[in-house]
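Next comes data-v2.txt, a file with compact mmCIF, C-alpha atoms (C1' of nucleotides).
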```
# COMPACT_ATOMS: atom_id res chain seq x y z
CA MET P 1 236.95 296.08 80.40
CA ALA P 2 236.97 293.05 82.66
CA SER P 3 239.72 293.39 85.19
CA TYR P 4 240.54 290.58 87.55
CA ASP P 5 239.48 287.19 86.33
CA GLY P 6 237.80 284.83 88.68
CA TYR P 7 238.12 281.15 88.11
CA MET P 8 235.12 279.59 89.63
CA PRO P 9 235.49 275.94 90.37
CA GLU P 10 232.27 274.50 89.01
CA LEU P 11 231.24 270.91 88.46
CA PRO P 12 234.12 269.89 86.13
CA GLU P 13 236.77 271.49 88.32
CA VAL P 14 235.40 270.06 91.57
CA GLU P 15 234.93 266.66 89.95
CA THR P 16 238.52 266.75 88.69
CA ILE P 17 239.72 267.45 92.22
CA ALA P 18 237.47 264.80 93.76
CA ARG P 19 238.66 262.09 91.36
CA ALA P 20 242.29 262.95 91.97
CA LEU P 21 241.90 262.98 95.75
CA GLN P 22 240.05 259.68 95.57
CA THR P 23 243.16 258.11 94.00
CA VAL P 24 245.47 259.19 96.84
CA LEU P 25 243.54 259.75 100.08
CA PRO P 26 241.58 256.57 100.85
CA THR P 27 243.28 254.46 103.57
CA ARG P 28 245.41 257.44 104.57
CA VAL P 29 245.17 258.44 108.24
CA ILE P 30 245.16 262.11 109.18
CA ARG P 31 248.01 262.78 111.58
CA THR P 32 247.70 266.55 111.97
CA PHE P 33 245.12 269.14 111.01
CA ASP P 34 246.31 272.72 111.33
CA VAL P 35 243.69 275.43 110.97
CA ARG P 36 245.40 278.77 110.47
CA LEU P 37 242.24 280.80 109.85
CA PRO P 38 239.59 279.58 112.30
CA LYS P 39 236.56 280.92 110.41
CA MET P 40 237.35 278.57 107.53
CA PHE P 41 236.71 275.50 109.71
CA ILE P 42 233.05 275.21 110.68
CA HIS P 43 231.91 272.59 113.16
CA GLU P 44 229.23 272.03 115.74
CA GLY P 45 230.02 271.27 119.31
CA PRO P 46 233.24 271.47 121.29
CA GLU P 47 235.15 268.49 119.96
CA GLY P 48 236.50 270.29 116.89
CA VAL P 49 239.55 268.60 115.47
CA THR P 50 239.29 265.54 117.72
CA ARG P 51 237.14 263.75 115.14
CA ILE P 52 239.62 264.56 112.40
CA ILE P 53 242.99 263.70 113.87
CA GLY P 54 243.48 259.95 113.72
CA ALA P 55 240.66 259.49 111.24
CA GLU P 56 241.13 257.43 108.10
CA VAL P 57 239.86 258.91 104.85
CA LYS P 58 237.33 256.41 103.53
CA LYS P 59 236.13 258.08 100.34
CA VAL P 60 236.13 261.35 98.42
CA GLU P 61 232.94 262.38 96.63
CA ARG P 62 231.34 265.40 94.99
CA ARG P 63 227.80 266.78 95.10
CA GLY P 64 227.16 269.96 93.13
CA LYS P 65 230.23 272.09 93.80
CA VAL P 66 230.82 270.55 97.23
CA LEU P 67 233.59 268.05 97.97
CA LEU P 68 232.88 265.39 100.60
CA LEU P 69 235.64 263.67 102.53
CA ARG P 70 234.15 260.67 104.30
CA LEU P 71 236.14 259.90 107.44
CA SER P 72 236.26 256.73 109.54
CA THR P 73 235.19 258.59 112.69
CA GLY P 74 231.61 259.01 111.59
CA VAL P 75 232.00 262.53 110.26
CA THR P 76 232.19 264.02 106.80
CA LEU P 77 234.16 267.09 105.81
CA LEU P 78 232.24 269.27 103.35
CA ILE P 79 234.66 271.44 101.40
CA HIS P 80 233.47 274.38 99.33
CA LEU P 81 236.06 276.20 97.24
CA LYS P 82 233.70 279.01 96.20
CA MET P 83 235.67 281.13 93.72
CA THR P 84 239.33 281.02 94.67
CA GLY P 85 239.79 277.92 96.80
CA GLN P 86 242.54 275.43 96.01
CA LEU P 87 243.34 271.97 97.36
CA ILE P 88 246.96 271.07 96.73
CA TYR P 89 248.32 267.60 97.47
CA ARG P 90 252.01 267.04 98.01
CA ALA P 91 253.56 263.64 98.44
CA LYS P 92 256.27 263.13 101.02
CA GLY P 93 259.54 264.60 99.90
CA GLN P 94 258.02 266.07 96.76
CA VAL P 95 259.82 269.26 95.89
CA LYS P 96 258.03 270.62 92.87
CA LEU P 97 254.39 270.31 91.93
CA ALA P 98 253.64 269.04 88.46
CA GLY P 99 252.26 272.40 87.44
CA GLY P 100 255.40 274.15 88.61
CA HIS P 101 255.76 276.91 91.15
CA PRO P 102 254.52 279.32 92.10
CA LEU P 103 250.85 278.53 92.31
CA PRO P 104 248.56 281.45 91.64
CA HIS P 105 248.44 283.53 94.80
CA VAL P 106 250.85 281.24 96.62
CA GLU P 107 254.26 282.81 96.46
CA GLY P 108 257.15 280.43 96.89
CA ASP P 109 256.76 277.18 98.79
CA LEU P 110 253.66 275.91 100.51
CA PRO P 111 252.20 276.90 102.82
CA GLY P 112 251.68 280.41 101.49
CA LYS P 113 249.88 283.33 103.00
CA THR P 114 246.57 282.17 101.45
CA THR P 115 246.96 278.70 103.01
CA HIS P 116 244.28 278.45 105.69
CA ALA P 117 244.33 274.78 106.63
CA ILE P 118 246.87 271.96 106.33
CA PHE P 119 246.39 268.20 106.68
CA THR P 120 249.29 265.83 107.10
CA PHE P 121 248.87 262.09 106.59
CA ASP P 122 250.48 258.93 107.93
CA ASP P 123 252.61 258.49 104.81
CA GLY P 124 254.07 261.98 105.11
CA SER P 125 251.94 263.49 102.38
CA GLU P 126 250.16 266.82 102.86
CA LEU P 127 247.01 268.56 101.70
CA PHE P 128 246.89 272.36 101.61
CA PHE P 129 243.67 274.35 101.53
CA ASN P 130 244.36 277.77 99.98
CA ASP P 131 241.79 280.48 99.40
CA LEU P 132 242.68 283.98 98.32
CA ARG P 133 239.32 285.48 99.08
CA GLN P 134 238.43 283.37 102.10
CA PHE P 135 234.91 282.61 100.87
CA GLY P 136 235.42 278.87 100.95
CA TYR P 137 235.13 276.64 103.98
CA LEU P 138 235.67 273.24 105.53
CA LYS P 139 232.60 272.07 107.41
CA MET P 140 232.65 269.04 109.68
CA VAL P 141 229.30 267.26 109.95
CA PRO P 142 228.26 263.91 111.48
CA ASP P 143 227.50 261.49 108.65
CA GLU P 144 223.82 261.28 109.53
CA ASP P 145 223.45 265.07 109.23
CA VAL P 146 225.10 265.55 105.84
CA SER P 147 221.88 265.39 103.85
CA HIS P 148 220.30 267.94 106.18
CA VAL P 149 222.97 270.58 105.77
CA PRO P 150 221.09 273.33 103.92
CA ILE P 151 223.34 273.45 100.88
CA MET P 152 223.11 269.67 100.49
CA ALA P 153 219.37 269.53 101.07
CA ARG P 154 218.71 272.12 98.38
CA PHE P 155 220.69 270.58 95.54
CA GLY P 156 218.75 269.63 92.44
CA PRO P 157 219.73 266.70 90.20
CA GLU P 158 223.26 266.03 89.02
CA PRO P 159 223.34 266.95 85.33
CA LEU P 160 225.69 264.09 84.46
CA ALA P 161 223.85 261.40 86.41
CA ASP P 162 222.94 258.36 84.28
CA ASP P 163 219.37 258.40 85.49
CA PHE P 164 218.81 262.09 84.76
CA THR P 165 217.28 262.19 81.29
CA ALA P 166 216.40 264.87 78.77
CA GLU P 167 212.76 264.23 79.58
CA ASP P 168 213.42 264.77 83.29
CA PHE P 169 215.17 268.03 82.49
CA ALA P 170 212.40 269.18 80.18
CA ALA P 171 209.81 268.40 82.83
CA LEU P 172 211.71 270.47 85.40
CA MET P 173 211.79 273.40 82.99
CA THR P 174 208.06 273.38 82.55
CA LYS P 175 207.73 273.94 86.29
CA ARG P 176 209.59 277.25 86.08
CA PRO P 177 208.07 278.89 82.97
CA GLN P 178 208.67 282.47 84.10
CA ALA P 179 212.33 282.01 84.98
CA LYS P 180 215.00 283.48 82.73
CA LEU P 181 217.39 280.83 81.50
CA LYS P 182 220.59 282.18 83.00
CA PRO P 183 219.41 282.62 86.59
CA LEU P 184 217.51 279.35 86.33
CA LEU P 185 220.59 277.38 85.32
CA LEU P 186 222.66 279.08 88.03
CA ASP P 187 220.08 278.00 90.61
CA GLN P 188 221.64 274.99 92.37
CA SER P 189 218.21 273.72 93.38
CA PHE P 190 217.22 273.46 89.72
CA VAL P 191 220.31 271.59 88.57
CA ALA P 192 223.43 271.17 90.72
CA GLY P 193 226.94 272.19 89.75
CA LEU P 194 226.58 274.76 87.00
CA GLY P 195 228.22 278.17 87.47
CA ASN P 196 228.83 281.23 85.40
CA ILE P 197 231.23 279.66 82.91
CA TYR P 198 229.24 276.59 81.90
CA VAL P 199 225.88 278.34 81.88
CA ASP P 200 227.22 280.79 79.30
CA GLU P 201 228.83 277.97 77.35
CA ALA P 202 225.75 275.77 77.35
CA LEU P 203 223.37 278.57 76.37
CA ASN P 204 225.61 279.50 73.46
CA LEU P 205 225.90 275.91 72.29
CA ALA P 206 222.11 275.58 72.44
CA LYS P 207 221.74 278.96 70.68
CA LEU P 208 219.54 280.35 73.42
CA HIS P 209 219.63 283.88 74.85
CA PRO P 210 220.21 284.05 78.64
CA LEU P 211 217.18 286.33 79.14
CA LYS P 212 214.81 283.97 77.37
CA ARG P 213 212.02 282.60 79.58
CA ALA P 214 212.10 278.88 80.27
CA GLY P 215 208.44 278.59 79.32
CA SER P 216 209.08 279.99 75.86
CA LEU P 217 211.23 277.06 74.75
CA THR P 218 209.96 274.37 72.46
CA HIS P 219 210.36 270.81 73.61
CA ALA P 220 213.14 270.37 71.07
CA GLN P 221 214.93 273.39 72.55
CA ARG P 222 214.62 272.02 76.07
CA LYS P 223 216.20 268.75 74.98
CA LEU P 224 218.86 270.63 73.06
CA LEU P 225 219.74 272.66 76.15
CA PHE P 226 220.02 269.48 78.19
CA SER P 227 222.45 267.95 75.74
CA ALA P 228 224.39 271.22 75.50
CA ILE P 229 224.86 271.25 79.27
CA ARG P 230 226.18 267.70 79.20
CA THR P 231 228.41 268.38 76.22
CA VAL P 232 230.20 271.35 77.76
CA LEU P 233 230.57 269.69 81.16
CA LEU P 234 231.98 266.48 79.66
CA ARG P 235 234.31 268.37 77.36
CA SER P 236 235.65 270.43 80.23
CA LEU P 237 236.09 267.32 82.36
CA ALA P 238 238.11 265.77 79.54
CA LEU P 239 240.34 268.86 79.47
CA GLY P 240 240.81 269.08 83.23
CA GLY P 241 238.51 272.06 83.76
CA THR P 242 238.86 275.79 83.21
CA SER P 243 241.81 277.75 84.59
CA ASP P 244 240.88 281.37 84.20
CA ASN P 245 243.20 282.53 86.91
CA THR P 246 243.70 280.48 90.04
CA TYR P 247 242.16 277.08 89.39
CA VAL P 248 244.65 274.24 89.49
CA SER P 249 244.41 270.52 90.03
CA ILE P 250 245.61 268.96 93.27
CA ARG P 251 249.03 268.72 91.65
CA GLY P 252 249.13 272.33 90.57
CA GLU P 253 248.22 271.75 86.92
CA LYS P 254 245.95 274.11 85.03
CA GLY P 255 242.90 272.99 83.09
CA ASP P 256 242.64 273.56 79.34
CA TYR P 257 238.97 274.24 78.70
CA LEU P 258 239.40 278.01 78.39
CA LYS P 259 241.42 277.46 75.21
CA GLU P 260 238.36 276.24 73.42
CA ALA P 261 235.67 278.15 75.27
CA ARG P 262 232.86 279.24 72.98
CA VAL P 263 232.00 282.56 74.63
CA TYR P 264 233.30 282.69 78.18
CA HIS P 265 236.00 285.32 78.61
CA ARG P 266 235.96 286.01 74.86
CA THR P 267 234.36 289.46 74.78
CA GLY P 268 235.08 291.08 71.40
CA GLU P 269 236.55 287.93 69.92
CA PRO P 270 234.79 286.29 66.94
CA CYS P 271 232.07 283.71 67.50
CA ARG P 272 233.44 280.33 66.47
CA GLU P 273 230.27 279.68 64.48
CA CYS P 274 229.59 282.94 62.65
CA GLY P 275 232.44 285.34 63.38
CA THR P 276 230.28 287.96 65.08
CA PRO P 277 232.11 289.59 68.01
CA ILE P 278 231.14 288.08 71.36
CA GLU P 279 229.29 290.54 73.59
CA ARG P 280 229.28 290.90 77.32
CA LEU P 281 226.19 291.87 79.26
CA VAL P 282 225.07 291.66 82.86
CA VAL P 283 222.31 289.22 83.74
CA ALA P 284 221.28 288.59 87.33
CA GLY P 285 224.26 290.65 88.42
CA ARG P 286 226.77 288.43 86.63
CA GLY P 287 228.99 288.95 83.66
CA THR P 288 227.37 287.11 80.77
CA HIS P 289 228.84 286.28 77.36
CA ILE P 290 226.82 285.72 74.20
CA CYS P 291 227.03 285.72 70.46
CA PRO P 292 224.39 288.31 69.54
CA MET P 293 223.83 286.62 66.19
CA CYS P 294 223.54 282.98 67.29
CA GLN P 295 221.62 283.79 70.46
CA ALA P 296 218.75 286.02 69.39
CA LYS P 297 217.44 288.36 72.04
CA PRO P 298 213.89 287.51 73.09
CA ARG P 299 211.17 290.05 72.49
CA GLU P 300 210.18 291.16 75.94
CA ARG P 301 206.49 291.84 76.32
CA LYS P 302 205.87 294.95 78.35
CA ARG P 303 203.78 294.47 81.42
CA THR P 304 200.71 296.69 81.57
C1' DC W 1 206.42 283.50 95.74
C1' DA W 2 210.00 284.73 92.57
C1' DC W 3 213.34 287.47 91.75
C1' DT W 4 216.99 291.07 93.07
C1' DT W 5 220.42 293.07 95.94
C1' DG W 6 224.01 293.27 99.41
C1' DA W 7 227.52 291.03 102.21
C1' DC W 8 231.40 288.29 102.56
C1' DC W 9 236.79 288.97 100.77
C1' DT W 10 241.24 290.34 98.23
C1' DG W 11 243.96 291.44 94.18
C1' DT W 12 243.95 293.69 89.76
C1' DC W 13 242.92 297.18 86.68
C1' DC W 14 241.51 301.79 85.39
C1' DG W 15 240.90 306.72 85.77
C1' DC W 16 242.35 310.89 87.85
C1' DT D 1 253.58 307.28 91.27
C1' DG D 2 249.66 306.79 94.22
C1' DC D 3 244.97 306.35 95.50
C1' DG D 4 240.10 305.26 95.26
C1' DG D 5 236.67 302.71 93.23
C1' DA D 6 234.82 299.13 90.24
C1' DC D 7 235.01 294.46 89.39
C1' DA D 8 235.36 289.30 89.69
C1' DG D 9 231.33 285.67 91.58
C1' DG D 10 228.97 281.20 94.93
C1' DT D 11 225.95 281.28 98.42
C1' DC D 12 222.96 283.05 101.87
C1' DA D 13 220.17 286.55 104.12
C1' DA D 14 217.34 290.32 103.51
C1' DG D 15 214.60 293.26 100.66
C1' DT D 16 211.10 294.27 96.83
```

Rewrite the structure from the file as structure tokens, please.
Amino acid sequence: MASYDGYMPELPEVETIARALQTVLPTRVIRTFDVRLPKMFIHEGPEGVTRIIGAEVKKVERRGKVLLLRLSTGVTLLIHLKMTGQLIYRAKGQVKLAGGHPLPHVEGDLPGKTTHAIFTFDDGSELFFNDLRQFGYLKMVPDEDVSHVPIMARFGPEPLADDFTAEDFAALMTKRPQAKLKPLLLDQSFVAGLGNIYVDEALNLAKLHPLKRAGSLTHAQRKLLFSAIRTVLLRSLALGGTSDNTYVSIRGEKGDYLKEARVYHRTGEPCRECGTPIERLVVAGRGTHICPMCQAKPRERKRT
DNA sequence: CACTTGACCTGTCCGC
DNA sequence: TGCGGACAGGTCAAGT
């Protein structure tokens, strides 16, 4: 069945990268910025790299699945890894990455043929942006425009934010009663940062079928789904994310969440709760994994 | 208006 | 052994 495995950096993976970069990049000054595949570097106006070279990295943040590098020159770099993007950091003189070579899809030493942009810093360290499928991008935006970039403007609440409560989540659900749970949770304007892996994981933990309508949930189920989302995200964060195929940390290390995934990538394997084989179906055009026993299929009323 | 589909890409897997 | 097609999926634009 399933052939090539994606790896999908979602909230836990992007957060893992952001935290790691935040420990090494601030106060570093960018000495060179080499864009090998021009379409991966998006910027307005003619200045291009002139606002990047010589800039000091002030802070690294995450919003949804987007990384934000705040620079001292009044611009922010928005980095989206989409499915197969990697950011690999190498200290000066470092020979081997912690995860060992070769990185997925990077044969031999860096840069590889999927390396599309390279930063070098004042201390001799380097940051490589690799992307097998070239869907990702680096977008340079003046600080004052960041919140107006469409992807940023659309984001819904951060599911792990302290001030985002179960009641807030339940209230949002009542506004989308017709929506099916899976496409709703994948919608970044509903809640930011969930992708295919953690939607499947959260729905299974909450014992809810992905085709169930949001409006059909009881209040208890809405709160249960909220806590399930937080549980799977926090657990994955603790394990360094999910490495299905190409995801690695900035030091080349894989994440361990897949080892204890409940349903994702476990088609045919026994449900950890009841032993029933995990099934794969397609919902909203995406591979979807469920336990058919724990997650009862909703009775769909025929439209007349 | 809400939802679905296709495009963007490349490597892997499967069938013939 | 080789080749073509399906598939993987985040986001956006276009279609229903």

Specify as a CSV table (one decimal) with C-alpha atoms (C1' of nucleotides), in the frame of the given file all residues of chain W found within 8 Å of chain P, counting all atoms listed in the file.
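Writing the result to out.csv gives the following:
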```csv
chain,number,residue,atom,x,y,z
W,4,DT,C1',217.0,291.1,93.1
W,8,DC,C1',231.4,288.3,102.6
W,9,DC,C1',236.8,289.0,100.8
W,10,DT,C1',241.2,290.3,98.2
W,11,DG,C1',244.0,291.4,94.2
W,12,DT,C1',244.0,293.7,89.8
W,13,DC,C1',242.9,297.2,86.7
```

| Any idea which chain D residues end up within 9 Å of chain P if we count all atoms listed in the file, as a PyMOL selection string please? | chain D and resi 7-11

| query | Suppose you want the space between CA of Ala91 in chain P and CA of His43 in chain P; what is it in Å? | reply | 27.7 Å

| said: If we count only C-alpha atoms (C1' of nucleotides) and set the cut-off at 12 Å, which residues sit around DT5 in chain W, ignoring sequence neighbours fewer than 6 positions away in its own chain? Please answer as JSON, numbers by chain. | reply: {"P": [284, 285], "D": [12, 13, 14, 15, 16]}

Those same residues, written as a PDB file, in the coordinates of the input with C-alpha atoms (C1' of nucleotides)?
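Here's the written file result-v4.pdb:
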```pdb
ATOM      1  CA  ALA P 284     221.280 288.590  87.330  1.00  0.00           C
ATOM      2  CA  GLY P 285     224.260 290.650  88.420  1.00  0.00           C
TER       3      GLY P 285
ATOM      4  C1'  DC D  12     222.960 283.050 101.870  1.00  0.00           C
ATOM      5  C1'  DA D  13     220.170 286.550 104.120  1.00  0.00           C
ATOM      6  C1'  DA D  14     217.340 290.320 103.510  1.00  0.00           C
ATOM      7  C1'  DG D  15     214.600 293.260 100.660  1.00  0.00           C
ATOM      8  C1'  DT D  16     211.100 294.270  96.830  1.00  0.00           C
TER       9       DT D  16
END
```

Counting only C-alpha atoms (C1' of nucleotides), I want the residues whose atoms come within 12 Å of (229.2, 269.6, 90.5) in the file frame, returned as a short mmCIF file (atom, residue, chain, number, x, y, z; two decimals) with C-alpha atoms, keeping the file's coordinate frame.
```
data_model
loop_
_atom_site.label_atom_id
_atom_site.label_comp_id
_atom_site.auth_asym_id
_atom_site.auth_seq_id
_atom_site.Cartn_x
_atom_site.Cartn_y
_atom_site.Cartn_z
CA MET P 8 235.12 279.59 89.63
CA PRO P 9 235.49 275.94 90.37
CA GLU P 10 232.27 274.50 89.01
CA LEU P 11 231.24 270.91 88.46
CA PRO P 12 234.12 269.89 86.13
CA GLU P 13 236.77 271.49 88.32
CA VAL P 14 235.40 270.06 91.57
CA GLU P 15 234.93 266.66 89.95
CA THR P 16 238.52 266.75 88.69
CA ILE P 17 239.72 267.45 92.22
CA ALA P 18 237.47 264.80 93.76
CA GLU P 61 232.94 262.38 96.63
CA ARG P 62 231.34 265.40 94.99
CA ARG P 63 227.80 266.78 95.10
CA GLY P 64 227.16 269.96 93.13
CA LYS P 65 230.23 272.09 93.80
CA VAL P 66 230.82 270.55 97.23
CA LEU P 67 233.59 268.05 97.97
CA LEU P 68 232.88 265.39 100.60
CA HIS P 80 233.47 274.38 99.33
CA LEU P 81 236.06 276.20 97.24
CA LYS P 82 233.70 279.01 96.20
CA MET P 152 223.11 269.67 100.49
CA PHE P 155 220.69 270.58 95.54
CA GLY P 156 218.75 269.63 92.44
CA PRO P 157 219.73 266.70 90.20
CA GLU P 158 223.26 266.03 89.02
CA PRO P 159 223.34 266.95 85.33
CA LEU P 160 225.69 264.09 84.46
CA ALA P 161 223.85 261.40 86.41
CA LEU P 186 222.66 279.08 88.03
CA GLN P 188 221.64 274.99 92.37
CA VAL P 191 220.31 271.59 88.57
CA ALA P 192 223.43 271.17 90.72
CA GLY P 193 226.94 272.19 89.75
CA LEU P 194 226.58 274.76 87.00
CA GLY P 195 228.22 278.17 87.47
CA TYR P 198 229.24 276.59 81.90
CA ARG P 230 226.18 267.70 79.20
CA LEU P 233 230.57 269.69 81.16
CA LEU P 234 231.98 266.48 79.66
CA LEU P 237 236.09 267.32 82.36
CA GLY P 241 238.51 272.06 83.76
#
```

| Long-range neighbours of DC3 in chain D as a ChimeraX atom specification, 12 Å cut-off, only C-alpha atoms (C1' of nucleotides), 6 positions minimum in chain | /W:14-16

For the residues in that selection, give me C-alpha atoms (C1' of nucleotides) as an mmCIF file, in the frame of the given file.
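The result, stored in again-v8.cif:
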```cif
data_model
loop_
_atom_site.group_PDB
_atom_site.id
_atom_site.type_symbol
_atom_site.label_atom_id
_atom_site.label_comp_id
_atom_site.auth_asym_id
_atom_site.auth_seq_id
_atom_site.Cartn_x
_atom_site.Cartn_y
_atom_site.Cartn_z
ATOM 1 C "C1'" DC W 14 241.510 301.790 85.390
ATOM 2 C "C1'" DG W 15 240.900 306.720 85.770
ATOM 3 C "C1'" DC W 16 242.350 310.890 87.850
#
```

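Of note, CA of Asp256 in chain P and CA of Gly240 in chain P are spaced 6.2 Å apart.
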
Please write out, as AutoDock Vina command-line options, where the centre of an axis-aligned box around all listed atoms of chain W lies and how long its edges are, in Å to one decimal, after adding 6 Å on each side.
```
--center_x 225.2 --center_y 297.2 --center_z 94.0 --size_x 49.5 --size_y 39.4 --size_z 29.2
```

| field | Near-Thr120 in chain P list (7 Å; all atoms listed in the file; drop same-chain fewer than 2 positions) as an MDAnalysis selection string | value | chainID P and resid 30:33 118 124:127

| Selected residue, from P:Leu205, P:Ala117, P:Met293, P:Leu184, that lies nearest to DA2 in chain W when counting all atoms listed in the file |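 For DA2 in chain W, the nearest of the given residues is P:Leu184.
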
| query | What does the distance from CA of Thr73 in chain P to CA of Val60 in chain P come to in Å, to one decimal? | reply |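 Computing it gives 14.6 Å between the two atoms.
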
| said: When you look at Arg36 in chain P with a cut-off of 9 Å (counting all atoms listed in the file), what residues show up, excluding the ones that are within fewer than 2 positions of it in the same chain? I need them as a ChimeraX atom specification. | reply: /P:34,38,40,115-118

| Please, which residues are within 8 Å of (239.0, 275.0, 77.8) by the file's coordinates, counting only C-alpha atoms (C1' of nucleotides), and could they come as a count of residues only? | 12
